[in-house]
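Data file: start_2.csv. Format and content: CSV, C-alpha atoms.
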```
chain,number,residue,atom,x,y,z
A,26,MET,CA,85.1,112.2,65.5
A,27,ILE,CA,86.4,108.6,65.1
A,28,TYR,CA,88.2,107.6,62.0
A,29,GLN,CA,88.1,104.0,60.8
A,30,TYR,CA,91.0,102.6,58.8
A,31,ARG,CA,90.3,99.5,56.7
A,32,ARG,CA,92.1,98.3,53.5
A,33,GLY,CA,93.6,101.6,52.8
A,34,SER,CA,90.4,103.6,52.9
A,35,VAL,CA,89.5,106.2,55.5
A,36,LYS,CA,85.9,106.5,56.6
A,37,ALA,CA,84.6,108.9,59.3
A,38,HIS,CA,81.9,107.8,61.6
A,39,SER,CA,80.1,110.2,64.0
A,40,PHE,CA,78.6,109.2,67.3
A,41,ALA,CA,77.1,112.6,68.1
A,42,GLU,CA,73.6,111.1,68.2
A,43,ASP,CA,74.7,108.3,70.6
A,44,CYS,CA,76.5,110.8,72.8
A,45,GLY,CA,73.5,113.2,72.9
A,46,ALA,CA,71.2,110.4,73.9
A,47,ARG,CA,73.4,109.8,77.0
A,48,GLY,CA,73.4,113.4,78.1
A,49,SER,CA,77.1,113.9,77.4
A,50,ARG,CA,78.4,117.5,77.5
A,51,ASN,CA,80.7,117.1,74.5
A,52,GLU,CA,82.4,114.4,72.4
A,53,HIS,CA,85.4,114.2,74.7
A,54,GLU,CA,83.2,112.9,77.6
A,55,CYS,CA,81.8,110.0,75.7
A,56,VAL,CA,85.0,108.8,74.0
A,57,LYS,CA,85.1,105.6,76.0
A,58,PHE,CA,81.6,104.7,74.9
A,59,GLN,CA,82.4,105.7,71.3
A,60,VAL,CA,85.4,103.4,71.0
A,61,SER,CA,83.8,100.4,72.6
A,62,HIS,CA,80.6,100.8,70.6
A,63,PHE,CA,82.5,101.2,67.4
A,64,LEU,CA,84.7,98.2,68.0
A,65,GLU,CA,81.6,96.1,68.6
A,66,LYS,CA,80.1,97.2,65.3
A,67,SER,CA,83.1,97.0,63.0
A,68,ASN,CA,86.1,94.9,62.1
A,69,CYS,CA,88.5,97.8,62.0
A,70,ALA,CA,92.1,97.4,62.6
A,71,ILE,CA,92.8,100.8,64.1
A,72,VAL,CA,90.5,103.4,65.8
A,73,ILE,CA,91.7,106.9,66.5
A,74,PHE,CA,89.8,109.5,68.4
A,75,MET,CA,90.3,113.0,67.0
A,76,SER,CA,89.3,115.7,69.4
A,77,GLU,CA,88.7,119.2,68.2
A,78,ILE,CA,88.4,120.5,71.8
A,79,LEU,CA,91.2,122.9,73.0
A,80,HIS,CA,92.1,121.6,76.4
A,81,PHE,CA,92.8,123.9,79.3
A,82,GLU,CA,91.2,121.8,82.1
A,83,SER,CA,94.4,121.2,84.1
A,84,ASP,CA,98.2,121.2,84.2
A,85,TYR,CA,98.8,117.4,84.1
A,86,MET,CA,97.4,116.7,80.6
A,87,GLU,CA,100.8,116.3,78.9
A,88,GLY,CA,103.5,113.7,79.5
A,89,ALA,CA,106.9,114.9,80.6
A,90,HIS,CA,109.5,117.4,79.6
A,91,PRO,CA,111.6,116.1,76.7
A,92,ALA,CA,114.8,116.3,78.8
A,93,ILE,CA,113.3,113.7,81.2
A,94,LEU,CA,112.2,111.4,78.4
A,95,GLU,CA,115.7,111.6,76.9
A,96,ARG,CA,117.4,110.7,80.1
A,97,LEU,CA,114.9,107.8,80.8
A,98,GLN,CA,115.7,106.4,77.4
A,99,GLN,CA,119.5,106.7,78.1
A,100,ILE,CA,119.3,104.6,81.2
A,101,ASN,CA,116.5,102.3,80.2
A,102,LEU,CA,118.5,99.1,80.2
A,103,GLU,CA,120.8,100.2,83.1
A,104,LYS,CA,120.4,98.2,86.3
A,105,ASN,CA,119.7,100.2,89.5
A,106,THR,CA,119.1,99.6,93.2
A,107,GLY,CA,115.5,99.7,94.1
A,108,TYR,CA,113.3,101.6,96.6
A,109,GLY,CA,114.9,105.0,96.2
A,110,LEU,CA,118.4,103.9,97.3
A,111,ASP,CA,119.9,104.4,93.8
A,112,LYS,CA,122.4,107.0,92.7
A,113,TYR,CA,119.8,109.1,90.8
A,114,CYS,CA,117.7,109.5,93.9
A,115,LYS,CA,120.8,110.5,95.9
A,116,LEU,CA,121.8,113.1,93.3
A,117,ALA,CA,118.2,114.5,93.3
A,118,GLU,CA,118.2,114.6,97.1
A,119,GLU,CA,121.4,116.6,97.3
A,120,LYS,CA,120.2,119.1,94.6
A,121,ILE,CA,116.9,119.6,96.4
A,122,LYS,CA,118.5,120.1,99.8
A,123,ALA,CA,120.9,122.6,98.2
A,124,ALA,CA,118.0,124.5,96.5
A,125,CYS,CA,116.2,124.6,99.9
A,126,ASN,CA,119.3,125.5,101.9
A,127,ALA,CA,118.4,122.6,104.1
A,128,PRO,CA,121.4,120.3,104.4
A,129,ASP,CA,119.9,118.3,107.3
A,130,ALA,CA,116.5,117.7,105.6
A,131,ILE,CA,115.2,114.3,104.7
A,132,VAL,CA,114.1,114.0,101.0
A,133,LYS,CA,111.9,111.1,99.8
A,134,PHE,CA,110.1,110.6,96.5
A,135,LEU,CA,106.5,109.5,96.1
A,136,VAL,CA,104.3,109.1,93.1
A,137,GLY,CA,101.2,111.3,93.4
A,138,GLY,CA,99.6,114.1,95.4
A,139,THR,CA,96.8,112.3,97.3
A,140,GLN,CA,99.2,109.5,98.1
A,141,THR,CA,101.7,112.0,99.4
A,142,ASN,CA,99.2,113.9,101.5
A,143,THR,CA,97.8,110.8,103.0
A,144,THR,CA,101.3,109.3,103.8
A,145,ILE,CA,102.6,112.4,105.4
A,146,ILE,CA,99.5,113.3,107.4
A,147,SER,CA,99.0,109.8,108.8
A,148,ALA,CA,102.7,109.5,109.6
A,149,VAL,CA,102.7,112.7,111.6
A,150,LEU,CA,99.4,112.3,113.5
A,151,ARG,CA,98.7,110.1,116.5
A,152,SER,CA,95.5,108.1,116.6
A,153,TRP,CA,93.6,110.8,118.6
A,154,GLN,CA,94.7,113.7,116.4
A,155,GLY,CA,93.4,115.5,113.3
A,156,VAL,CA,94.8,117.9,110.8
A,157,ILE,CA,93.7,121.6,110.4
A,158,SER,CA,92.9,122.9,106.9
A,159,VAL,CA,90.9,125.7,105.4
A,160,LYS,CA,87.5,124.7,104.1
A,161,THR,CA,88.7,124.9,100.5
A,162,GLY,CA,91.9,123.0,101.2
A,163,HIS,CA,92.6,120.1,98.8
A,164,ILE,CA,92.5,117.5,101.6
A,165,ALA,CA,89.1,118.9,102.8
A,166,LEU,CA,87.4,119.2,99.5
A,167,HIS,CA,88.9,117.2,96.6
A,168,GLU,CA,90.6,114.0,98.0
A,169,ALA,CA,87.5,111.9,98.5
A,170,GLY,CA,87.9,111.4,102.2
A,171,ALA,CA,91.4,110.0,101.8
A,172,ILE,CA,92.6,111.5,105.1
A,173,GLU,CA,89.5,110.5,106.9
A,174,ALA,CA,89.9,106.9,105.6
A,175,THR,CA,93.2,106.7,107.6
A,176,GLY,CA,91.2,107.5,110.8
A,177,HIS,CA,92.0,111.2,111.1
A,178,LYS,CA,89.6,114.1,111.1
A,179,VAL,CA,90.1,117.1,108.8
A,180,ILE,CA,89.4,120.2,111.0
A,181,THR,CA,88.4,123.1,108.8
A,182,LEU,CA,88.8,126.9,109.3
A,183,ASP,CA,87.4,129.7,107.1
A,184,GLU,CA,89.5,130.6,104.1
A,185,HIS,CA,90.6,134.0,102.9
A,186,ASP,CA,91.1,133.9,99.2
A,187,GLY,CA,92.0,130.3,99.7
A,188,LYS,CA,94.5,131.0,102.4
A,189,MET,CA,94.6,130.3,106.2
A,190,SER,CA,94.8,133.3,108.5
A,191,SER,CA,97.3,133.1,111.4
A,192,ASP,CA,94.8,134.9,113.6
A,193,ASP,CA,92.1,132.4,112.8
A,194,LEU,CA,94.6,129.5,113.5
A,195,HIS,CA,95.7,131.1,116.8
A,196,ASP,CA,92.1,131.6,118.0
A,197,TYR,CA,91.1,128.1,117.2
A,198,LEU,CA,94.1,126.5,118.9
A,199,GLN,CA,93.9,128.8,121.9
A,200,THR,CA,90.2,128.0,122.3
A,201,PHE,CA,90.8,124.2,121.9
A,202,PHE,CA,93.6,124.0,124.5
A,203,ASP,CA,91.7,126.2,127.0
A,204,ASP,CA,88.6,123.9,126.7
A,205,GLU,CA,88.3,121.7,129.8
A,206,ASN,CA,86.7,119.1,127.6
A,207,ALA,CA,89.6,119.0,125.2
A,208,SER,CA,90.5,115.4,126.1
A,209,HIS,CA,87.1,114.4,124.7
A,210,MET,CA,87.7,116.1,121.4
A,211,VAL,CA,89.9,115.5,118.3
A,212,GLU,CA,93.2,117.2,119.1
A,213,PRO,CA,94.8,119.2,116.3
A,214,GLY,CA,98.2,117.6,115.6
A,215,LEU,CA,99.2,119.2,112.2
A,216,VAL,CA,98.4,122.3,110.2
A,217,TYR,CA,98.0,121.9,106.4
A,218,ILE,CA,98.3,124.6,103.8
A,219,SER,CA,99.0,124.6,100.1
A,220,HIS,CA,101.1,127.0,98.0
A,221,PRO,CA,99.6,127.9,95.6
A,222,THR,CA,96.2,127.5,97.1
A,223,GLU,CA,93.2,125.8,95.4
A,224,TYR,CA,92.4,129.3,93.9
A,225,GLY,CA,95.9,130.0,92.7
A,226,THR,CA,96.6,132.5,95.4
A,227,LEU,CA,99.9,132.8,97.2
A,228,TYR,CA,101.2,133.2,100.7
A,229,SER,CA,103.7,135.9,101.4
A,230,LYS,CA,106.8,135.3,103.4
A,231,THR,CA,105.3,137.2,106.3
A,232,GLU,CA,102.1,135.1,106.2
A,233,LEU,CA,104.2,131.9,106.3
A,234,GLU,CA,106.3,133.2,109.2
A,235,ASN,CA,103.1,134.2,111.1
A,236,LEU,CA,101.7,130.7,110.6
A,237,HIS,CA,105.0,129.2,111.6
A,238,ASP,CA,105.1,131.3,114.8
A,239,VAL,CA,101.6,130.2,115.8
A,240,CYS,CA,102.4,126.5,115.2
A,241,LYS,CA,105.6,126.9,117.2
A,242,LYS,CA,103.7,128.4,120.1
A,243,PHE,CA,101.4,125.4,120.3
A,244,ASN,CA,104.1,122.9,119.3
A,245,ILE,CA,102.2,121.8,116.2
A,246,PRO,CA,104.0,121.0,112.9
A,247,LEU,CA,103.2,123.0,109.7
A,248,MET,CA,102.8,121.1,106.4
A,249,LEU,CA,102.8,122.7,103.0
A,250,ASP,CA,101.2,120.9,100.0
A,251,GLY,CA,103.4,121.9,97.0
A,252,ALA,CA,101.7,119.9,94.2
A,253,ARG,CA,101.9,123.1,92.1
A,254,LEU,CA,104.8,124.6,94.0
A,255,GLY,CA,106.8,125.4,90.8
A,256,TYR,CA,104.1,127.8,89.6
A,257,GLY,CA,104.0,129.5,93.0
A,258,LEU,CA,107.8,130.0,93.0
A,259,ALA,CA,107.6,131.3,89.4
A,260,ALA,CA,105.0,133.9,90.1
A,261,LYS,CA,106.0,137.6,89.7
A,262,ASN,CA,106.7,139.6,92.9
A,263,THR,CA,106.6,136.7,95.2
A,264,ASP,CA,109.0,136.7,98.1
A,265,VAL,CA,108.5,133.0,99.0
A,266,THR,CA,111.4,130.8,97.9
A,267,LEU,CA,112.3,127.2,98.7
A,268,PRO,CA,114.6,128.3,101.5
A,269,VAL,CA,111.8,130.4,103.0
A,270,ILE,CA,109.5,127.4,102.9
A,271,ALA,CA,112.1,125.1,104.4
A,272,GLN,CA,112.7,127.6,107.2
A,273,ASN,CA,109.0,127.9,108.1
A,274,CYS,CA,107.5,124.5,107.3
A,275,ASP,CA,108.3,121.2,109.1
A,276,VAL,CA,107.4,119.2,106.0
A,277,PHE,CA,106.5,120.1,102.5
A,278,TYR,CA,106.6,118.6,99.0
A,279,ILE,CA,107.8,119.8,95.6
A,280,GLY,CA,105.3,118.7,92.9
A,281,GLY,CA,106.5,117.1,89.8
A,282,THR,CA,103.4,115.5,88.4
A,283,LYS,CA,102.0,118.9,87.4
A,284,VAL,CA,105.3,120.6,86.7
A,285,GLY,CA,107.1,118.6,84.0
A,286,ALA,CA,107.5,115.1,85.3
A,287,LEU,CA,105.6,112.0,84.2
A,288,PHE,CA,104.7,111.5,87.8
A,289,GLY,CA,106.3,112.2,91.2
A,290,GLU,CA,106.4,114.4,94.3
A,291,ALA,CA,109.6,115.1,96.3
A,292,VAL,CA,108.8,115.2,100.1
A,293,VAL,CA,111.2,117.4,102.1
A,294,VAL,CA,111.1,116.9,105.8
A,295,SER,CA,112.8,120.0,107.2
A,296,ASN,CA,112.5,118.8,110.7
A,297,PRO,CA,114.3,115.4,110.6
A,298,ASN,CA,112.8,114.3,114.0
A,299,LEU,CA,109.2,114.8,112.8
A,300,VAL,CA,108.7,111.4,111.2
A,301,PRO,CA,110.8,108.6,112.6
A,302,HIS,CA,111.2,105.6,110.3
A,303,PHE,CA,109.7,107.6,107.4
A,304,PHE,CA,111.0,105.0,104.9
A,305,THR,CA,109.0,102.3,106.6
A,306,VAL,CA,105.9,104.4,106.9
A,307,ILE,CA,106.0,105.1,103.1
A,308,LYS,CA,106.3,101.3,102.6
A,309,GLN,CA,103.3,100.7,104.8
A,310,HIS,CA,101.2,103.1,102.7
A,311,GLY,CA,102.0,101.3,99.5
A,312,ALA,CA,103.9,104.4,98.4
A,313,LEU,CA,107.4,103.0,98.0
A,314,LEU,CA,108.1,102.6,94.3
A,315,ALA,CA,110.3,99.6,93.6
A,316,LYS,CA,111.8,101.3,90.6
A,317,GLY,CA,112.5,104.4,92.6
A,318,TRP,CA,115.2,105.6,90.3
A,319,LEU,CA,112.4,106.6,87.8
A,320,LEU,CA,111.5,109.3,90.4
A,321,GLY,CA,115.0,110.2,91.3
A,322,LEU,CA,116.1,110.7,87.7
A,323,GLN,CA,113.1,112.9,86.9
A,324,PHE,CA,113.9,115.2,89.9
A,325,ASP,CA,117.6,115.2,89.2
A,326,THR,CA,116.7,116.4,85.7
A,327,LEU,CA,114.3,119.0,86.9
A,328,PHE,CA,116.8,120.4,89.4
A,329,THR,CA,119.6,120.6,86.9
A,330,ASP,CA,120.2,124.1,85.4
A,331,ASP,CA,117.0,125.4,87.0
A,332,LEU,CA,114.8,123.5,84.6
A,333,TYR,CA,112.0,123.2,87.1
A,334,PHE,CA,111.8,127.0,87.6
A,335,LYS,CA,112.2,127.8,83.9
A,336,ILE,CA,109.3,125.6,82.7
A,337,ALA,CA,107.1,126.7,85.5
A,338,GLN,CA,107.7,130.3,84.5
A,339,ASN,CA,106.4,129.5,81.0
A,340,ALA,CA,103.1,128.4,82.4
A,341,VAL,CA,102.7,131.5,84.6
A,342,GLU,CA,103.6,133.9,81.7
A,343,ASN,CA,101.0,132.3,79.5
A,344,ALA,CA,98.4,132.3,82.2
A,345,LEU,CA,98.8,136.0,82.9
A,346,PHE,CA,98.6,136.8,79.2
A,347,LEU,CA,95.4,134.7,79.0
A,348,LYS,CA,94.0,136.5,82.1
A,349,ASN,CA,94.7,140.0,80.7
A,350,GLU,CA,93.4,139.3,77.3
A,351,LEU,CA,90.1,137.7,78.5
A,352,VAL,CA,89.5,140.6,80.9
A,353,LYS,CA,89.9,142.9,77.9
A,354,LYS,CA,87.2,140.9,76.2
A,355,GLY,CA,84.8,141.5,79.1
A,356,TYR,CA,85.3,138.2,81.1
A,357,LYS,CA,85.0,138.7,84.8
A,358,LEU,CA,87.6,137.3,87.2
A,359,TYR,CA,86.4,135.3,90.2
A,360,ILE,CA,89.7,135.8,92.0
A,361,ASP,CA,92.9,137.6,90.9
A,362,SER,CA,95.4,134.7,90.6
A,363,PHE,CA,99.1,135.3,89.6
A,364,THR,CA,99.8,131.6,89.0
A,365,ASN,CA,98.9,129.1,86.2
A,366,GLN,CA,95.3,128.7,87.4
A,367,GLN,CA,92.8,131.4,86.3
A,368,PHE,CA,89.2,131.6,87.4
A,369,PHE,CA,86.4,133.3,85.5
A,370,ILE,CA,82.7,133.9,86.1
A,371,VAL,CA,80.9,132.8,82.9
A,372,GLU,CA,77.2,132.9,82.0
A,373,ASN,CA,75.7,129.4,81.8
A,374,GLU,CA,74.3,130.0,78.3
A,375,ARG,CA,77.7,131.1,77.1
A,376,LEU,CA,79.3,128.0,78.6
A,377,LYS,CA,77.0,125.8,76.5
A,378,GLU,CA,78.6,127.3,73.4
A,379,LEU,CA,82.2,127.3,74.8
A,380,GLU,CA,82.2,123.7,75.9
A,381,LYS,CA,81.8,122.6,72.2
A,382,LYS,CA,85.2,124.2,71.6
A,383,ILE,CA,87.2,124.3,74.8
A,384,GLY,CA,88.0,122.1,77.7
A,385,TYR,CA,87.7,123.8,81.1
A,386,SER,CA,87.3,122.7,84.8
A,387,PHE,CA,84.0,123.3,86.5
A,388,TRP,CA,84.9,124.9,89.8
A,389,GLU,CA,81.6,125.9,91.5
A,390,LYS,CA,78.3,127.5,90.8
A,391,TYR,CA,78.4,131.3,91.2
A,392,ASP,CA,74.6,131.9,91.1
A,393,GLU,CA,71.7,130.5,89.1
A,394,ASN,CA,72.9,132.0,85.9
A,395,HIS,CA,76.7,131.9,86.2
A,396,THR,CA,79.4,129.3,86.8
A,397,ILE,CA,83.0,129.7,88.0
A,398,ILE,CA,85.4,127.9,85.6
A,399,ARG,CA,89.1,127.3,85.8
A,400,LEU,CA,91.5,127.5,82.9
A,401,ALA,CA,94.9,126.1,83.6
A,402,THR,CA,98.2,126.5,81.7
A,403,SER,CA,101.1,124.1,82.1
A,404,TRP,CA,104.8,123.9,81.6
A,405,ALA,CA,104.1,122.7,78.1
A,406,THR,CA,101.5,125.3,77.1
A,407,THR,CA,102.4,127.3,74.0
A,408,LYS,CA,101.6,130.9,73.2
A,409,GLU,CA,99.9,129.7,70.0
A,410,SER,CA,97.4,127.6,72.0
A,411,VAL,CA,96.7,130.4,74.4
A,412,CYS,CA,96.0,132.8,71.5
A,413,LYS,CA,93.7,130.2,69.9
A,414,LEU,CA,91.8,129.9,73.2
A,415,ILE,CA,91.4,133.6,73.4
A,416,GLU,CA,90.1,133.7,69.9
A,417,LEU,CA,87.6,130.9,70.7
A,418,MET,CA,86.3,132.6,73.8
```
Could you express the structure from this file as C-alpha cells?
Amino acid sequence: MIYQYRRGSVKAHSFAEDCGARGSRNEHECVKFQVSHFLEKSNCAIVIFMSEILHFESDYMEGAHPAILERLQQINLEKNTGYGLDKYCKLAEEKIKAACNAPDAIVKFLVGGTQTNTTIISAVLRSWQGVISVKTGHIALHEAGAIEATGHKVITLDEHDGKMSSDDLHDYLQTFFDDENASHMVEPGLVYISHPTEYGTLYSKTELENLHDVCKKFNIPLMLDGARLGYGLAAKNTDVTLPVIAQNCDVFYIGGTKVGALFGEAVVVSNPNLVPHFFTVIKQHGALLAKGWLLGLQFDTLFTDDLYFKIAQNAVENALFLKNELVKKGYKLYIDSFTNQQFFIVENERLKELEKKIGYSFWEKYDENHTIIRLATSWATTKESVCKLIELM
C-alpha cells in the first residue's frame, strides 16, 4: 500500500492491479514500479511504502547495532587517517588477534563478502591455478562468476550436507598430482570452505583439522568464508572457536555485514607469508576504503565486551525456536541446521498463500509440487516477530 500525503489529507492508493498485470509475486516486489508510477501520476510531496509482509528472507535486512551507530555519531566530525591506518582499525586488529589467539596474524578490513572472496582468492592464486569448492559453495553458486572473472576456475567437489569431505579432497588432489597431464590442467592452488555452510551446517573441530592436514600434505592453503561466522560460533554444542579456525585455516574472514555491522568483513591472514603486499592487492581490487575507520570502529565495537557473540546468539536462539515450533506444526525440514538459517520443504500451493504474508528466500525446487525455502533470523530479530511468523505459517 502507498500512502499519499497532500495538504494535510491522507489518501491510500493501491497498485495491486498494476502489480498483478506484471506478474509480480507480491506487493514488495513491485515497489519500485509503484513509487515511480505514482510520482508520475500525482503531485504528492511525500510517498511512503507500507509493507505488510513479515520479512525473514535474510540476515542483512536491518542496519546496524545501536552501539555502532552511537559510536559513529560520537566520532562523526573527528578527523582520522585514511585507508585503514587509523587508531580504530588498529584497536580492532588487536582485539581480533587476541580473540583468535593469533598474535602474528595480519588483519585487514573490507566492505562486502563477494569483494572479500574475490580479493583473497585472486591474491593467493597464480595465473594457472584454480580454487576448490563444493558444488554448493557460495563462490561456485551465488557469486555470479566473480571468481571466474578474475581468470581463475572454481573446481567443484561433491558436498555432504553443504560440507567438504577431507577424503574427497585428498582423492581429488592425489589424482591430480599423479596425472601425467597435470601441467595441461588447472592446478588447484587454494581450498575454499564456509562456516556455516550455505545450508547452515557446521564443521566440527575434527573435520577442520582433517581438511587442514590434507591441505598441508599437498602444500595448498585453506580458506574459510566467514560471512556468517558469528552464527556458527554461537551455535550450541559446537567445538569450533576462533582460535581453532586460526590454527587450521591459512586465511579466513569474520563477517560483519550479516552480524550487526552496517557493512564490513574482517580478513584474518593466519599465515602472514601467504599474501605478500596484501594492502596493495586490496587497493588493486578497488576494495581499499578511504574512510577505513568506519570499518575499524564497527569491529572495535563488535569485539568489545563480546558484543559480536552475544548478538549472534540471539539470532541462533530465535532460529532454533522457529524450527522447533514449525516442525510441531507439521513443516518438514530439508536439512537440520543449528544456526540462523532454517530450510523447509513447502508445498507450492501453500507457498502461494504464504508469500502474501511473509518474506522468504527461494532456495531450490524440491520436486514438481514442493519448494525448499529459507527463513533466516538475524542479530536484530525479536521473539515477537518470530512468534508472529509462526502464527502466520
Closest atom pairs, range 169-268 of chain A residues within 8 Å of range 350-372 of chain A, all atoms listed in the file, as JSON lines:
```
{"residue": "A:Asp186", "atom": "CA", "partner": "A:Ile360", "partner_atom": "CA", "distance": 7.6}
{"residue": "A:Pro221", "atom": "CA", "partner": "A:Thr364", "partner_atom": "CA", "distance": 7.6}
{"residue": "A:Tyr224", "atom": "CA", "partner": "A:Ser362", "partner_atom": "CA", "distance": 7.0}
{"residue": "A:Gly225", "atom": "CA", "partner": "A:Ser362", "partner_atom": "CA", "distance": 5.2}
{"residue": "A:Thr226", "atom": "CA", "partner": "A:Ser362", "partner_atom": "CA", "distance": 5.4}
{"residue": "A:Tyr256", "atom": "CA", "partner": "A:Thr364", "partner_atom": "CA", "distance": 5.8}
{"residue": "A:Gly257", "atom": "CA", "partner": "A:Thr364", "partner_atom": "CA", "distance": 6.2}
{"residue": "A:Ala259", "atom": "CA", "partner": "A:Thr364", "partner_atom": "CA", "distance": 7.8}
{"residue": "A:Ala260", "atom": "CA", "partner": "A:Thr364", "partner_atom": "CA", "distance": 5.8}
{"residue": "A:Lys261", "atom": "CA", "partner": "A:Phe363", "partner_atom": "CA", "distance": 7.3}
```
How many Å separate CA of Lys382 in chain A from CA of Ser410 in chain A? 12.7 Å
Using all atoms listed in the file, can you list as an MDAnalysis selection string the residues within 12 Å of (89.8, 117.5, 101.8)? chainID A and resid 139 142:143 146 156:174 177:181 217:219 223
Atom pair CA of Glu234 in chain A / CA of Ala271 in chain A: separation (Å): 11.1 Å
Near-His310 in chain A list (9 Å; all atoms listed in the file; drop same-chain fewer than 5 positions) as a compact mmCIF listing (two decimals) with C-alpha atoms, in the coordinates of the input:
```
# COMPACT_ATOMS: atom_id res chain seq x y z
CA GLN A 140 99.20 109.50 98.10
CA THR A 143 97.80 110.80 103.00
CA THR A 144 101.30 109.30 103.80
CA THR A 305 109.00 102.30 106.60
```
Would you list the contacts of Ala252 in chain A as a list in words, taking every protein, DNA or RNA residue within 10 Å and counting all atoms listed in the file, but skipping same-chain residues closer than 3 positions in sequence?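 Near neighbours after the sequence-gap exclusion: Gly137, Gly138, Thr139, Thr141, Asn142, Ser219, His220, Pro221, Thr222, Leu249, Gly255, Tyr256, Gly257, Phe277, Tyr278, Ile279, Gly280, Gly281, Thr282, Lys283, Val284, Gly289, Glu290 and Ala291 of chain A.
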Compute the distance from (118.2, 120.1, 102.3) to each atom, counting only C-alpha atoms, keep the residues with any atom at most 12 Å away, and return them as number ranges by chain; use the coordinates of the file. A: 115-133, 267-268, 270-272, 276-277, 291-297
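Using all atoms listed in the file, the nearest neighbour of Ile415 in chain A within the list A:Gln199, A:Asn394, A:Ser147, A:Asn343 is A:Asn343.
The space between CA of Asp331 in chain A and CA of Glu82 in chain A spans 26.5 Å.
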For Glu87 in chain A, the nearest of the candidates A:Leu254, A:Ala405, A:Leu198, A:Leu400, counting only C-alpha atoms: A:Ala405
Where atoms are missing, can you supply N, CA and C atoms for range 234-252 of chain A and output the lot as a short mmCIF file (atom, residue, chain, number, x, y, z; two decimals), in the coordinates of the input?
```
data_model
loop_
_atom_site.label_atom_id
_atom_site.label_comp_id
_atom_site.auth_asym_id
_atom_site.auth_seq_id
_atom_site.Cartn_x
_atom_site.Cartn_y
_atom_site.Cartn_z
N GLU A 234 105.60 133.09 107.87
CA GLU A 234 106.30 133.20 109.20
C GLU A 234 105.28 133.36 110.29
N ASN A 235 104.18 134.04 110.06
CA ASN A 235 103.10 134.20 111.10
C ASN A 235 102.51 132.83 111.43
N LEU A 236 102.22 132.05 110.40
CA LEU A 236 101.70 130.70 110.60
C LEU A 236 102.69 129.84 111.37
N HIS A 237 103.94 129.95 110.97
CA HIS A 237 105.00 129.20 111.60
C HIS A 237 105.09 129.55 113.12
N ASP A 238 104.99 130.85 113.44
CA ASP A 238 105.10 131.30 114.80
C ASP A 238 103.93 130.73 115.66
N VAL A 239 102.72 130.71 115.09
CA VAL A 239 101.60 130.20 115.80
C VAL A 239 101.78 128.66 116.06
N CYS A 240 102.20 127.96 115.02
CA CYS A 240 102.40 126.50 115.20
C CYS A 240 103.51 126.23 116.22
N LYS A 241 104.55 127.05 116.21
CA LYS A 241 105.60 126.90 117.20
C LYS A 241 105.12 127.10 118.61
N LYS A 242 104.28 128.11 118.78
CA LYS A 242 103.70 128.40 120.10
C LYS A 242 102.98 127.23 120.68
N PHE A 243 102.21 126.54 119.81
CA PHE A 243 101.40 125.40 120.30
C PHE A 243 102.05 124.06 120.01
N ASN A 244 103.29 124.10 119.56
CA ASN A 244 104.10 122.90 119.30
C ASN A 244 103.36 121.93 118.35
N ILE A 245 102.90 122.52 117.23
CA ILE A 245 102.20 121.80 116.20
C ILE A 245 102.97 121.95 114.87
N PRO A 246 103.30 120.89 114.16
CA PRO A 246 104.00 121.00 112.90
C PRO A 246 103.19 121.66 111.79
N LEU A 247 103.87 122.32 110.87
CA LEU A 247 103.20 123.00 109.70
C LEU A 247 103.63 122.23 108.46
N MET A 248 102.62 121.84 107.66
CA MET A 248 102.80 121.10 106.40
C MET A 248 102.38 121.97 105.24
N LEU A 249 103.17 121.98 104.16
CA LEU A 249 102.80 122.70 103.00
C LEU A 249 102.68 121.74 101.78
N ASP A 250 101.51 121.71 101.17
CA ASP A 250 101.20 120.90 100.00
C ASP A 250 101.75 121.72 98.78
N GLY A 251 102.75 121.17 98.09
CA GLY A 251 103.40 121.90 97.00
C GLY A 251 103.13 121.19 95.64
N ALA A 252 101.95 120.62 95.46
CA ALA A 252 101.70 119.90 94.20
C ALA A 252 101.91 120.82 93.00
#
```
